[in-house]
file work.cif (mmCIF, C-alpha atoms)
data_structure
#
loop_
_atom_site.label_atom_id
_atom_site.label_comp_id
_atom_site.auth_asym_id
_atom_site.auth_seq_id
_atom_site.Cartn_x
_atom_site.Cartn_y
_atom_site.Cartn_z
CA MET A 1 89.23 198.22 124.72
CA ASN A 2 88.16 201.46 123.06
CA GLU A 3 91.55 201.48 121.31
CA VAL A 4 91.45 197.77 120.49
CA VAL A 5 87.98 197.68 118.93
CA GLY A 6 88.18 199.04 115.41
CA ARG A 7 91.93 198.51 115.19
CA ASP A 8 92.50 194.80 115.86
CA ASP A 9 90.79 191.57 114.91
CA LEU A 10 89.06 189.81 117.81
CA LEU A 11 88.93 186.14 118.80
CA LEU A 12 86.69 184.63 121.46
CA LEU A 13 87.55 180.96 121.95
CA THR A 14 85.48 179.05 124.49
CA LEU A 15 86.94 175.70 125.47
CA ASP A 16 83.56 174.26 126.30
CA THR A 17 83.35 172.47 129.69
CA LEU A 18 87.06 172.86 130.54
CA ARG A 19 87.74 172.51 134.27
CA TYR A 20 89.98 175.07 135.95
CA ASP A 21 91.97 172.52 137.95
CA VAL A 22 92.74 170.42 134.89
CA ALA A 23 93.78 173.47 132.86
CA VAL A 24 96.10 174.66 135.65
CA GLU A 25 97.68 171.23 136.15
CA LEU A 26 98.42 170.76 132.47
CA ALA A 27 99.90 174.24 132.07
CA ALA A 28 102.17 173.74 135.11
CA ALA A 29 103.29 170.32 133.87
CA GLY A 30 104.18 171.59 130.39
CA ARG A 31 101.49 169.48 128.75
CA ILE A 32 99.84 172.35 126.82
CA PRO A 33 102.89 174.26 125.56
CA HIS A 34 101.19 176.04 122.65
CA LEU A 35 98.52 177.53 124.88
CA ALA A 36 100.83 178.18 127.83
CA ARG A 37 103.23 180.32 125.81
CA HIS A 38 100.44 182.87 125.35
CA LEU A 39 99.04 182.83 128.88
CA PRO A 40 100.15 185.89 130.89
CA GLY A 41 102.92 184.59 133.12
CA GLY A 42 102.34 181.13 131.67
CA ALA A 43 99.32 180.62 133.94
CA TRP A 44 95.54 180.68 133.73
CA GLU A 45 93.52 183.23 135.66
CA ARG A 46 90.94 181.77 138.06
CA ARG A 47 87.47 183.11 137.33
CA HIS A 48 83.82 182.37 138.00
CA ALA A 49 81.59 181.38 135.09
CA PRO A 50 78.49 183.46 134.33
CA GLY A 51 76.45 180.25 133.89
CA SER A 52 76.58 176.57 134.76
CA PHE A 53 75.96 175.28 131.23
CA THR A 54 76.67 176.32 127.67
CA TYR A 55 73.51 178.17 126.69
CA ALA A 56 73.25 180.31 129.82
CA SER A 57 76.94 181.10 129.93
CA HIS A 58 77.20 182.14 126.29
CA GLN A 59 74.08 184.29 126.47
CA ALA A 60 75.79 186.15 129.32
CA MET A 61 79.17 186.38 127.58
CA PHE A 62 77.60 187.70 124.39
CA ALA A 63 75.94 190.38 126.53
CA GLY A 64 79.39 191.43 127.79
CA PHE A 65 79.54 189.37 130.98
CA LEU A 66 82.72 187.35 130.56
CA PRO A 67 83.82 185.10 133.45
CA THR A 68 84.39 187.22 136.56
CA PRO A 69 87.73 187.26 138.44
CA ALA A 70 87.39 184.96 141.46
CA ALA A 71 88.12 187.68 144.01
CA PRO A 72 86.05 190.46 145.63
CA GLY A 73 85.13 193.14 143.11
CA PRO A 74 83.73 195.06 141.43
CA HIS A 75 85.74 194.15 138.36
CA PRO A 76 85.55 196.50 135.35
CA ARG A 77 84.53 194.64 132.20
CA LEU A 78 86.11 194.64 128.75
CA PHE A 79 82.73 195.02 127.01
CA ALA A 80 79.36 196.23 128.25
CA ALA A 81 76.00 197.24 126.87
CA ARG A 82 75.08 200.82 127.70
CA PHE A 83 73.20 200.44 130.97
CA ALA A 84 72.48 203.14 133.52
CA GLY A 85 73.95 202.40 136.93
CA SER A 86 76.33 199.64 135.81
CA GLU A 87 79.07 199.31 138.44
CA THR A 88 81.39 197.31 136.17
CA THR A 89 81.45 199.70 133.21
CA ALA A 90 84.61 201.82 133.36
CA GLY A 91 86.36 204.31 131.11
CA ARG A 92 88.38 201.52 129.50
CA THR A 93 85.27 199.44 128.79
CA TYR A 94 84.04 199.23 125.19
CA VAL A 95 80.36 200.19 125.46
CA PHE A 96 77.90 199.15 122.76
CA ASP A 97 74.35 200.35 122.15
CA THR A 98 72.92 197.09 120.80
CA PRO A 99 71.48 194.20 122.86
CA ASP A 100 74.63 192.10 122.56
CA LEU A 101 78.34 192.35 121.81
CA VAL A 102 78.06 190.49 118.51
CA SER A 103 75.68 193.01 116.95
CA GLY A 104 77.62 195.81 118.63
CA LEU A 105 80.79 194.76 116.84
CA ALA A 106 78.88 194.35 113.58
CA ALA A 107 77.69 197.94 113.97
CA ALA A 108 81.33 198.93 114.44
CA GLY A 109 82.20 197.40 111.05
CA TYR A 110 83.32 193.92 112.06
CA ARG A 111 82.50 190.77 110.15
CA THR A 112 81.04 188.51 112.86
CA VAL A 113 81.55 184.78 112.39
CA CYS A 114 80.55 181.84 114.58
CA ILE A 115 82.13 178.39 114.30
CA GLY A 116 79.95 176.20 116.48
CA GLY A 117 80.76 173.09 118.41
CA VAL A 118 78.34 171.68 121.00
CA GLY A 119 74.64 171.18 120.33
CA PHE A 120 73.53 174.70 121.20
CA PHE A 121 75.33 175.85 118.02
CA ASN A 122 74.24 173.09 115.63
CA LYS A 123 71.41 175.05 113.94
CA GLN A 124 69.32 171.86 113.94
CA GLY A 125 66.14 173.30 115.39
CA ALA A 126 65.01 176.59 116.87
CA LEU A 127 67.07 176.41 120.06
CA GLY A 128 70.25 175.45 118.20
CA ASP A 129 69.88 178.53 116.01
CA VAL A 130 69.57 181.17 118.74
CA LEU A 131 73.28 181.69 119.49
CA PRO A 132 74.59 181.25 115.91
CA GLY A 133 71.76 183.51 114.74
CA MET A 134 73.42 186.48 116.43
CA PHE A 135 76.24 186.35 113.88
CA GLN A 136 76.39 187.54 110.28
CA GLU A 137 77.92 184.20 109.32
CA SER A 138 77.77 180.88 111.16
CA HIS A 139 79.17 177.42 110.56
CA TRP A 140 78.37 174.01 112.01
CA GLU A 141 78.59 170.45 110.74
CA PRO A 142 78.79 167.06 112.45
CA ALA A 143 82.59 167.10 112.10
CA PHE A 144 82.63 170.03 114.56
CA GLY A 145 80.45 168.30 117.15
CA VAL A 146 81.06 166.48 120.42
CA ALA A 147 81.02 163.00 118.86
CA SER A 148 83.90 163.71 116.48
CA PRO A 149 87.42 162.73 117.64
CA THR A 150 88.82 165.31 115.19
CA SER A 151 86.40 168.16 115.95
CA PHE A 152 88.91 170.86 116.79
CA GLU A 153 91.11 170.36 113.73
CA ALA A 154 87.98 170.55 111.55
CA GLN A 155 86.93 173.76 113.29
CA VAL A 156 90.38 175.28 112.88
CA GLU A 157 90.39 174.41 109.18
CA ARG A 158 87.09 176.25 108.78
CA ALA A 159 88.51 179.24 110.66
CA GLU A 160 91.47 179.31 108.28
CA GLN A 161 89.05 179.36 105.34
CA VAL A 162 87.04 182.20 106.89
CA VAL A 163 90.13 184.33 107.41
CA ALA A 164 91.44 183.64 103.91
CA ALA A 165 88.14 184.68 102.31
CA LEU A 166 87.82 187.99 104.14
CA PRO A 167 88.94 191.22 102.46
CA ALA A 168 92.19 192.44 103.99
CA ASP A 169 90.69 195.71 105.21
CA ARG A 170 87.66 194.12 106.95
CA ARG A 171 87.97 193.60 110.68
CA LEU A 172 86.96 190.17 111.99
CA PHE A 173 85.31 189.00 115.18
CA LEU A 174 85.63 185.23 115.22
CA PHE A 175 83.90 183.15 117.87
CA LEU A 176 84.79 179.48 118.11
CA ASN A 177 83.17 177.05 120.54
CA ALA A 178 85.54 174.09 120.90
CA SER A 179 83.54 170.94 121.62
CA ALA A 180 86.43 168.52 122.25
CA LEU A 181 86.40 168.78 126.06
CA HIS A 182 82.67 168.11 126.32
CA GLN A 183 81.49 164.56 126.84
CA PRO A 184 82.07 162.19 125.16
CA ASN A 185 85.82 162.72 125.39
CA TRP A 186 87.03 159.20 126.26
CA PHE A 187 88.37 158.70 122.72
CA HIS A 188 91.10 161.29 123.32
CA LEU A 189 92.76 159.11 125.99
CA PRO A 190 94.93 156.31 124.57
CA GLY A 191 93.65 152.95 125.73
CA ALA A 192 90.30 154.23 126.95
CA THR A 193 87.09 152.49 125.89
CA ARG A 194 83.53 153.59 125.29
CA GLY A 195 82.41 151.22 128.03
CA ALA A 196 84.71 152.83 130.59
CA GLY A 197 83.39 156.25 129.59
CA ASP A 198 84.76 159.70 130.25
CA SER A 199 87.04 160.61 133.11
CA ARG A 200 89.09 163.47 134.43
CA ALA A 201 92.07 161.88 132.62
CA SER A 202 90.26 161.82 129.26
CA HIS A 203 89.17 165.41 129.88
CA ALA A 204 92.86 166.31 130.27
CA ALA A 205 93.75 164.35 127.13
CA ALA A 206 91.15 166.33 125.20
CA LEU A 207 92.81 169.58 126.26
CA GLU A 208 96.16 168.22 125.08
CA TYR A 209 94.50 167.41 121.76
CA VAL A 210 93.23 170.99 121.44
CA ASP A 211 96.67 172.33 122.28
CA ARG A 212 98.28 170.34 119.45
CA HIS A 213 96.19 172.24 116.89
CA ILE A 214 95.63 175.63 118.49
CA GLY A 215 98.77 177.13 116.95
CA ARG A 216 97.08 177.01 113.53
CA LEU A 217 94.11 178.99 114.84
CA PHE A 218 96.34 181.62 116.43
CA ALA A 219 98.43 181.86 113.26
CA ALA A 220 95.34 182.39 111.10
CA MET A 221 93.91 185.03 113.41
CA SER A 222 97.16 187.01 113.45
CA SER A 223 97.89 186.60 109.74
CA ARG A 224 96.32 189.94 108.73
CA ARG A 225 96.88 192.22 111.74
CA ARG A 226 97.18 192.07 115.49
CA CYS A 227 94.45 190.06 117.18
CA PHE A 228 93.06 190.43 120.67
CA ALA A 229 92.25 186.94 121.91
CA ILE A 230 90.07 185.79 124.78
CA VAL A 231 90.41 182.11 125.67
CA CYS A 232 88.27 180.71 128.46
CA SER A 233 85.90 178.01 129.57
CA ASP A 234 82.17 178.65 129.74
CA HIS A 235 81.76 176.29 132.71
CA GLY A 236 83.44 173.25 134.19
CA THR A 237 82.04 169.78 134.80
CA THR A 238 82.11 167.02 137.40
CA TYR A 239 83.42 163.48 137.20
CA GLY A 240 82.07 162.05 140.43
CA ASP A 241 83.17 165.04 142.52
CA ASP A 242 81.19 164.83 145.78
CA GLY A 243 78.90 162.39 144.01
CA TYR A 244 78.09 164.73 141.13
CA THR A 245 78.49 163.98 137.43
CA GLY A 246 78.10 166.53 134.64
CA HIS A 247 77.24 170.23 134.89
CA ARG A 248 74.21 172.56 135.06
CA LEU A 249 74.61 172.30 138.81
CA ALA A 250 76.15 174.38 141.58
CA HIS A 251 79.55 172.83 142.31
CA GLU A 252 83.00 174.41 142.56
CA ALA A 253 84.24 172.32 139.63
CA VAL A 254 81.45 173.76 137.47
CA TRP A 255 81.54 177.41 138.53
CA THR A 256 85.33 177.88 138.54
CA VAL A 257 86.87 178.29 135.09
CA PRO A 258 90.21 179.16 133.46
CA TYR A 259 90.48 182.47 131.63
CA ALA A 260 93.12 184.43 129.71
CA HIS A 261 93.25 187.32 127.30
CA PHE A 262 96.27 188.44 125.29
CA PHE A 263 97.41 189.89 122.00
CA LEU A 264 98.48 187.76 119.06
CA GLU A 265 101.04 189.81 117.19
CA PRO A 266 100.90 189.85 113.36
CA SER A 267 102.70 187.05 111.60
CA ALA A 268 105.99 187.97 109.98
#
call {"tool": "encode", "arguments": {"input": "work.cif", "output": "structure tokens"}}
result
Amino acid sequence: MNEVVGRDDLLLLTLDTLRYDVAVELAAAGRIPHLARHLPGGAWERRHAPGSFTYASHQAMFAGFLPTPAAPGPHPRLFAARFAGSETTAGRTYVFDTPDLVSGLAAAGYRTVCIGGVGFFNKQGALGDVLPGMFQESHWEPAFGVASPTSFEAQVERAEQVVAALPADRRLFLFLNASALHQPNWFHLPGATRGAGDSRASHAAALEYVDRHIGRLFAAMSSRRRCFAIVCSDHGTTYGDDGYTGHRLAHEAVWTVPYAHFFLEPSA
């Protein structure tokens, strides 16, 4: 990462609330072809989330604690704050001297941009301004939020505008929190009704919706130079699993998340 930072643009895309099992099933069935073509080996990596809900997980990720490989470690991290005694900081780790990765990348000359999705990024009140406030530039509007059936395409359009407005020689760290998977997501499943509510099937349909538009985001982020992309979930959620519904609880479906990182080569 010490070679990547300063050379490439960076993308952190969190598919908020995406379950690992659903992501794996759809990739194997060919239902998310635009995402799957970039996944190493065409498959998601199984990892453990650093938090059981959006705010906690993103605070950890912005401090350098991305989802951890779901196998005995220690596992060297891509990014880490300088911290004496850290067992997961290795020679290949990009170490920053600020309190968080966002300000660390800003100090390294990156333009840091947040395109929010769920309520913790809506800037409508003190709590909703904490995470976006880490960035030099942040965007949120109702069209990006959980209640919008077209949230991801609106977010991608804003990302395209951000990239187009940036000077060619300025490196970019773009963070996008995709809200489409988060409840309510019933409107992504053909034939579903508000009364019937969300389900594992509508959750899967929301991921298919994201996949239909994600090529535009990847194209924008690789339009100026090579981009190092991290695509993951911040936590999963439950749909009646063992009697549980939702997240911010300790269940396998919440703690286990899909993860991938890869390079997006420059557009021709």
call {"tool": "residues_around", "arguments": {"input": "work.cif", "residues": "region 213-221 of chain A", "least_positions_apart": "2", "cutoff": "10 Å", "atoms": "all atoms listed in the file", "output": "PyMOL selection string"}}
result
chain A and resi 9-11+13+32-35+38+152-164+172-174+176+208-211+223-229+264-267
call {"tool": "residues_around", "arguments": {"input": "work.cif", "residues": "Gly6 (chain A)", "least_positions_apart": "6", "cutoff": "8 Å", "atoms": "only C-alpha atoms", "output": "list in words"}}
result
Ala108, Gly109, Tyr110 and Arg171 of chain A
call {"tool": "write_last_selection", "arguments": {"input": "work.cif", "atoms": "C-alpha atoms", "output": "short mmCIF file (atom, residue, chain, number, x, y, z; two decimals), in the coordinates of the input"}}
result
data_model
loop_
_atom_site.label_atom_id
_atom_site.label_comp_id
_atom_site.auth_asym_id
_atom_site.auth_seq_id
_atom_site.Cartn_x
_atom_site.Cartn_y
_atom_site.Cartn_z
CA ALA A 108 81.33 198.93 114.44
CA GLY A 109 82.20 197.40 111.05
CA TYR A 110 83.32 193.92 112.06
CA ARG A 171 87.97 193.60 110.68
#
call {"tool": "atom_distance", "arguments": {"input": "work.cif", "atom1": "CA of Gly128 (chain A)", "atom2": "CA of Pro99 (chain A)"}}
result
19.4 Å
call {"tool": "resolve_selection", "arguments": {"input": "work.cif", "expression": "the PyMOL selection byres ((chain A and resi 136) around 12)", "output": "VMD selection string"}}
result
chain A and resid 102 to 107 109 to 115 131 to 135 137 to 139 172 to 175
call {"tool": "atom_distance", "arguments": {"input": "work.cif", "atom1": "CA of Ala70 (chain A)", "atom2": "CA of Arg82 (chain A)"}}
result
24.3 Å
call {"tool": "resolve_selection", "arguments": {"input": "work.cif", "expression": "the PyMOL selection byres ((chain A and resi 80) around 9)", "output": "ChimeraX atom specification"}}
result
/A:63-65,77-79,81-83,86,88-89,93-97,100-101
call {"tool": "decode", "arguments": {"input": "work.cif", "residues": "region 59-85 of chain A", "atoms": "N, CA and C atoms", "output": "PDB file, in the first residue's frame"}}
result
ATOM      1  N   GLN A  59     -16.671   3.968  11.808  1.00  0.00           N
ATOM      2  CA  GLN A  59     -15.660   4.584  12.659  1.00  0.00           C
ATOM      3  C   GLN A  59     -14.403   3.717  12.691  1.00  0.00           C
ATOM      4  N   ALA A  60     -14.607   2.399  12.783  1.00  0.00           N
ATOM      5  CA  ALA A  60     -13.470   1.480  12.803  1.00  0.00           C
ATOM      6  C   ALA A  60     -12.750   1.451  11.453  1.00  0.00           C
ATOM      7  N   MET A  61     -13.511   1.372  10.363  1.00  0.00           N
ATOM      8  CA  MET A  61     -12.887   1.313   9.042  1.00  0.00           C
ATOM      9  C   MET A  61     -12.098   2.576   8.736  1.00  0.00           C
ATOM     10  N   PHE A  62     -12.655   3.726   9.123  1.00  0.00           N
ATOM     11  CA  PHE A  62     -11.936   4.978   8.883  1.00  0.00           C
ATOM     12  C   PHE A  62     -10.691   5.097   9.755  1.00  0.00           C
ATOM     13  N   ALA A  63     -10.600   4.288  10.798  1.00  0.00           N
ATOM     14  CA  ALA A  63      -9.385   4.246  11.621  1.00  0.00           C
ATOM     15  C   ALA A  63      -8.393   3.205  11.106  1.00  0.00           C
ATOM     16  N   GLY A  64      -8.747   2.528  10.003  1.00  0.00           N
ATOM     17  CA  GLY A  64      -7.849   1.553   9.403  1.00  0.00           C
ATOM     18  C   GLY A  64      -8.210   0.110   9.667  1.00  0.00           C
ATOM     19  N   PHE A  65      -9.317  -0.121  10.374  1.00  0.00           N
ATOM     20  CA  PHE A  65      -9.718  -1.482  10.714  1.00  0.00           C
ATOM     21  C   PHE A  65     -10.807  -1.969   9.760  1.00  0.00           C
ATOM     22  N   LEU A  66     -10.402  -2.356   8.560  1.00  0.00           N
ATOM     23  CA  LEU A  66     -11.326  -2.925   7.595  1.00  0.00           C
ATOM     24  C   LEU A  66     -11.794  -4.290   8.091  1.00  0.00           C
ATOM     25  N   PRO A  67     -12.856  -4.852   7.515  1.00  0.00           N
ATOM     26  CA  PRO A  67     -13.282  -6.189   7.926  1.00  0.00           C
ATOM     27  C   PRO A  67     -12.104  -7.171   7.939  1.00  0.00           C
ATOM     28  N   THR A  68     -12.072  -8.018   8.954  1.00  0.00           N
ATOM     29  CA  THR A  68     -10.957  -8.934   9.197  1.00  0.00           C
ATOM     30  C   THR A  68     -11.209 -10.292   8.558  1.00  0.00           C
ATOM     31  N   PRO A  69     -10.224 -10.867   7.849  1.00  0.00           N
ATOM     32  CA  PRO A  69     -10.404 -12.212   7.292  1.00  0.00           C
ATOM     33  C   PRO A  69     -10.911 -13.184   8.348  1.00  0.00           C
ATOM     34  N   ALA A  70     -11.909 -13.976   7.966  1.00  0.00           N
ATOM     35  CA  ALA A  70     -12.578 -14.880   8.916  1.00  0.00           C
ATOM     36  C   ALA A  70     -11.783 -16.168   9.074  1.00  0.00           C
ATOM     37  N   ALA A  71     -10.571 -16.029   9.576  1.00  0.00           N
ATOM     38  CA  ALA A  71      -9.673 -17.152   9.831  1.00  0.00           C
ATOM     39  C   ALA A  71      -8.687 -16.685  10.888  1.00  0.00           C
ATOM     40  N   PRO A  72      -8.063 -17.625  11.624  1.00  0.00           N
ATOM     41  CA  PRO A  72      -7.114 -17.216  12.659  1.00  0.00           C
ATOM     42  C   PRO A  72      -6.023 -16.308  12.099  1.00  0.00           C
ATOM     43  N   GLY A  73      -5.660 -15.290  12.843  1.00  0.00           N
ATOM     44  CA  GLY A  73      -4.688 -14.310  12.406  1.00  0.00           C
ATOM     45  C   GLY A  73      -3.382 -14.415  13.170  1.00  0.00           C
ATOM     46  N   PRO A  74      -2.643 -13.312  13.304  1.00  0.00           N
ATOM     47  CA  PRO A  74      -3.048 -11.962  12.926  1.00  0.00           C
ATOM     48  C   PRO A  74      -2.986 -11.727  11.418  1.00  0.00           C
ATOM     49  N   HIS A  75      -3.768 -10.748  10.974  1.00  0.00           N
ATOM     50  CA  HIS A  75      -3.839 -10.417   9.556  1.00  0.00           C
ATOM     51  C   HIS A  75      -3.322  -8.995   9.350  1.00  0.00           C
ATOM     52  N   PRO A  76      -2.189  -8.827   8.653  1.00  0.00           N
ATOM     53  CA  PRO A  76      -1.674  -7.485   8.392  1.00  0.00           C
ATOM     54  C   PRO A  76      -2.710  -6.625   7.668  1.00  0.00           C
ATOM     55  N   ARG A  77      -2.795  -5.362   8.075  1.00  0.00           N
ATOM     56  CA  ARG A  77      -3.801  -4.462   7.513  1.00  0.00           C
ATOM     57  C   ARG A  77      -3.235  -3.647   6.351  1.00  0.00           C
ATOM     58  N   LEU A  78      -4.153  -3.165   5.496  1.00  0.00           N
ATOM     59  CA  LEU A  78      -3.760  -2.285   4.402  1.00  0.00           C
ATOM     60  C   LEU A  78      -3.351  -0.919   4.930  1.00  0.00           C
ATOM     61  N   PHE A  79      -4.099  -0.408   5.908  1.00  0.00           N
ATOM     62  CA  PHE A  79      -3.892   0.935   6.454  1.00  0.00           C
ATOM     63  C   PHE A  79      -3.888   0.843   7.974  1.00  0.00           C
ATOM     64  N   ALA A  80      -3.092   1.668   8.613  1.00  0.00           N
ATOM     65  CA  ALA A  80      -3.072   1.684  10.076  1.00  0.00           C
ATOM     66  C   ALA A  80      -2.543   3.012  10.574  1.00  0.00           C
ATOM     67  N   ALA A  81      -3.137   3.504  11.645  1.00  0.00           N
ATOM     68  CA  ALA A  81      -2.569   4.650  12.347  1.00  0.00           C
ATOM     69  C   ALA A  81      -1.296   4.197  13.051  1.00  0.00           C
ATOM     70  N   ARG A  82      -0.338   5.104  13.166  1.00  0.00           N
ATOM     71  CA  ARG A  82       0.896   4.772  13.862  1.00  0.00           C
ATOM     72  C   ARG A  82       0.563   4.503  15.330  1.00  0.00           C
ATOM     73  N   PHE A  83       0.855   3.292  15.778  1.00  0.00           N
ATOM     74  CA  PHE A  83       0.434   2.863  17.104  1.00  0.00           C
ATOM     75  C   PHE A  83       1.426   1.844  17.628  1.00  0.00           C
ATOM     76  N   ALA A  84       2.108   2.186  18.700  1.00  0.00           N
ATOM     77  CA  ALA A  84       3.137   1.306  19.247  1.00  0.00           C
ATOM     78  C   ALA A  84       2.540  -0.032  19.669  1.00  0.00           C
ATOM     79  N   GLY A  85       3.181  -1.107  19.250  1.00  0.00           N
ATOM     80  CA  GLY A  85       2.750  -2.433  19.654  1.00  0.00           C
ATOM     81  C   GLY A  85       1.686  -3.056  18.771  1.00  0.00           C
TER      82      GLY A  85
END
